[in-house]
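Scroll down for the structure; my scribbles are underneath it.
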Amino acid sequence: MEPGRAGCLLLLLLLPALAAAAPGEFDPYRVLGVGRSSSQADIKKAYKRLAREWHPDKNKDPGAEDKFIQISKAYEILSNEEKRANFDRYGDAGESQGFSQQQHRQFHRFHDGFYFDESFFHFPFNSERRDTSDEKYLLHFSHYINEIVPDSFKKPYLIKITSDWCFSCIHIEPVWKEVAQELEALGAGIGVVHAGYERRLAHHLGAHSTPTLLGLINGKITFFHNAVVRENLRQFVENLLPGNLVEKITDKNYIRFLSHWRKDNKPHVLLFDHMPVVPLLYKLTAFAYRDYLSFGYVYVGLRGTEELSSQYNINVYTPTMMIFKEHIDRPADVVQAREMKKQLIDDFLSQNKFLMVARLTSQRLFQELCPVKKSHRQRKHCVVLLTEEGEKFAEAYEAFLTFAVANTKDTLRFVHIYSDRQPEFADALLMDEEKYRGRSAVVILERRNNAGKIAYKVLEEAWQGSKEDNFILLDLLDQLRTDPGLLSSETVVADLNDELAPMFLIRWFYSTVDYISDWWDSLFHSNWREMMPLLSLLFSALFILFGTVIVQAFSDSSDTRDAPPSGKEETAAKTEKNDASFSKESNRIPKKSFVEVTELTDINYTSNLVRLRPGHMNVVLILSNSTKTPLLQKFALEVYMFTGSSSLHFSFLSLDKHREWLEYLLEFAQDAAPIPNQYDKHFLERDYTGYVLALNGHKKYFCLFKPHRSGDEGGTLGSCEDYDALQHAEARGKSSCSPGSRSIKNKLHKLSFWMERLLEGSLQRFYIPSWPALD
């Protein structure tokens with residue numbers, strides 16, 4: 001025999017033994033710590049105690065998860081009488097008994113490959129053992145957006161987010177299944193989202209863990225935060241509903257409630273029941289039909305409802321539902337049943353959604369009452385009474401209402417409209433004829449399309465409700481059944497105004513209240529992960545505010561410290577001190593008016609000029625050691641407004657060190673700054689301090705600012721007091737300076753105007769072949 005075949009035969013012989021022995025290693029009695037004769041109550045008690053002790057969310061032991069799985073599996077076996085009997089008899093809780101059936105399941109088509117049976121491990125997450133009741137509730141992202149969210153304006157939804165290997169999901173499954181079936185029967189929507197397969201939808205709903213329960217109503221999501229028990233879930237769904245859906249009715253307010261049919265333009269519904277609180281079924285029904293009906297609840301066991309019950313002959317032992325329309329002394333329809341089911345209520349209300357002669361208050365109502373003709377057999381005609389408010393038109397309206405009650409048919413709908421509130425509609429039909437002005441008129445119409453096209457016929461005379469008027473209208477309706485061409489006139493009417501829509505300020509107020517309530521709920525009930533965006537925004541704003549205050553505080557203290565003394569002696573002493581300081585440390589850059597000015601030396605000459613980036617310029621001030629302090633102060637003041645440009649750099653050049661470099665450049669600008677003959681006895685006395693060069697290192701040109709001078713060169717001097725007033729406004733007229741300092745500072749007079757022309761590009765440019773070395 002070949003070795004391979006021998007190995008396969010040996011494996012075939014050993015696997016049944018292993019399969020039979022492996023289940024015996026798991027003893028559910030030993031896991032739960034109960035005996036084989038223990039009752040179900042003892043088993044359940046032991047399971048609850050161990051489950052609380054070893055739950056992974058409470059027990060941080062590394063082996064708690066495995067232990068919890070064993071406890072759950074043991075309880076699953078022992079709580080089921082059939083599985084418990086199988087285990088006691090065969091040592092296995094499988095549904096099949098005997099080895100032959102197990103062998104058939106575990107080794108089916110063994111020759112095609114090794115068959116792995118998940119039930120061998122008895123996990124509670126096995127797909128074969130998983131409850132499939134949630135499958136009909138599964139939601140997908142597109143289904144949720146396109147169907148569930150719009151439907152949430154008609155009924156609230158209770159949604160569960162679950163996933164595989166979720167221990168808490170297993171615990172809440174029995175309660176969830178019971179509540180889901182109960183709420184669905186009452187009219188609530190149920191949904192299940194599997195986070196493993198629908199991550200996009202789970203993230204959209206804001207679920208960051210499983211299980212998560214949430215409610216959806218009017219497109220708004222609310223999370224459930226209490227213990228998962230039946231009472232809490234029912235109360236959660238009930239709290240989702242608005243609080244003013246159902247009004248409590250007694251003998252004192254029932255007439256007022258029923259009389260609001262004219263104002264609300266809705267039928268009114270009364271439910272008589274012996275329950276002290278409004279049933280959830282009735283609240284869900286009121287929410288679904290809130291756009292069509294107004295609801296009231298009468299607790300027949302309450303003192304103060306005897307008159308109401310006796311007037312309408314109510315059976316106090318049977319729930320009764322009545323609908324009142326235009327006549328409040330008698331109901332338009334009644335239904336009684338010992339158990340009010342949702343289907344019964346829906347059928348009853350759907351047939352009584354509108355008044356006998358409803359008023360057209362919006363385009364939506366017009367489309368529902370007078371639908372567009374779809375086929376010849378589905379013709380529906382509307383008989384419209386165009387009238388106005390007031391006692392003057394009350395008689396005509398009552399006569400029209402009486403006619404409508406007597407001639408109600410499936411193909412006819414009787415409505416009325418106030419001409420003064422819908423003037424465009426009335427003018428399109430009556431053509432502003434004088435015989436209808438200030439009087440009621442009746443129009444028979446049929447909508448042809450959704451664009452506003454209608455076919456119609458107007459009664460030739462105004463409607464007064466007389467017998468003759470009734471006869472004429474009845475005759476026209478009889479002819480219309482056999483001759484649709486009777487509606488010979490056609491026109492296009494505009495959409496109706498929404499008369500019952502709240503004003504803008506009221507809508508804005510309600511929107512603000514909803515937003516604040518949502519924010520409040522999110523602040524106190526959302527988990528930290530959901531709160532991270534809001535907290536991040538809040539702390540960022542606080543950090544920016546705090547940083548601004550600190551920077552401003554330090555800036556104010558620095559300005560106060562740097563503010564000049566008001567006395568003349570202190571100013572002179574400070575000037576002398578600065579002169580000494582600059583003479584000792586020639587490379588130190590003073591910070592005046594927050595302008596950064598660097599010295600141009602042989603070290604930074606290449607980077608600051610020769611290899612300066614295209615489009616950038618270096619503005620260089622020429623000075624000497626003796627004029628350094630006053631010139632830099634004036635230079636910083638003049639160019640301060642131009643420091644915002646990133647293409648401008650500011651430097652200064654020492655005339656005592658680099659006179660030859662400067663005179664080489666000035667040779668290319670002889671017209672602007674003539675160079676004296678070197679044999680002139682005043683050659684070395686030539687004063688270039690106060691010159692300013694704008695150097696373009698890339699294009700090899702410069703612009704020259706020649707300072708104003710006094711005396712023989714005819715320059716104009718500004719006063720020292722003017723400069724002091726500009727530099728120290730708070731000490732105007734108190735500072736003083738020497739005549740020499742005044743002359744030096746005025747060399748840079750009007751430098752700011754020159755800078756403006758430099759940025760405009762209107763200054764003369766002097767080109768050079770190459771930049772000379774700076775020794």
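Scheme for the structure tokens: letters A, B, ... for chains in order shown; per-chain residue numbers from 1; ligand numbers from 1 in order shown.
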Review point. Excluding same-chain residues fewer than 2 positions from region 609-616 of chain A, what lies within 12 Å of it counting only C-alpha atoms, as number ranges by chain?
Key: A: 600-607, 618-620, 645-651, 693-702, 759, 770-774
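Excluding Val597 (chain A) and any residue on its chain fewer than 6 positions from it, the residues at most 12 Å away by only C-alpha atoms are Asn587, Arg588, Ile589, Pro590, Lys591, Asn608, Asn618, Val619, Val620, Leu621, Leu631, Leu632, Gln633, Phe635, Ala636, Leu637, Val639, Tyr640, Thr643, Leu648, His649, Phe650, Ser651, Phe652 and Leu653 of chain A.
Distances to Gly35 (chain A) were evaluated for A:Glu460, A:Asp57, A:Asp88, A:Glu81 using only C-alpha atoms, and the minimum falls at A:Asp88.
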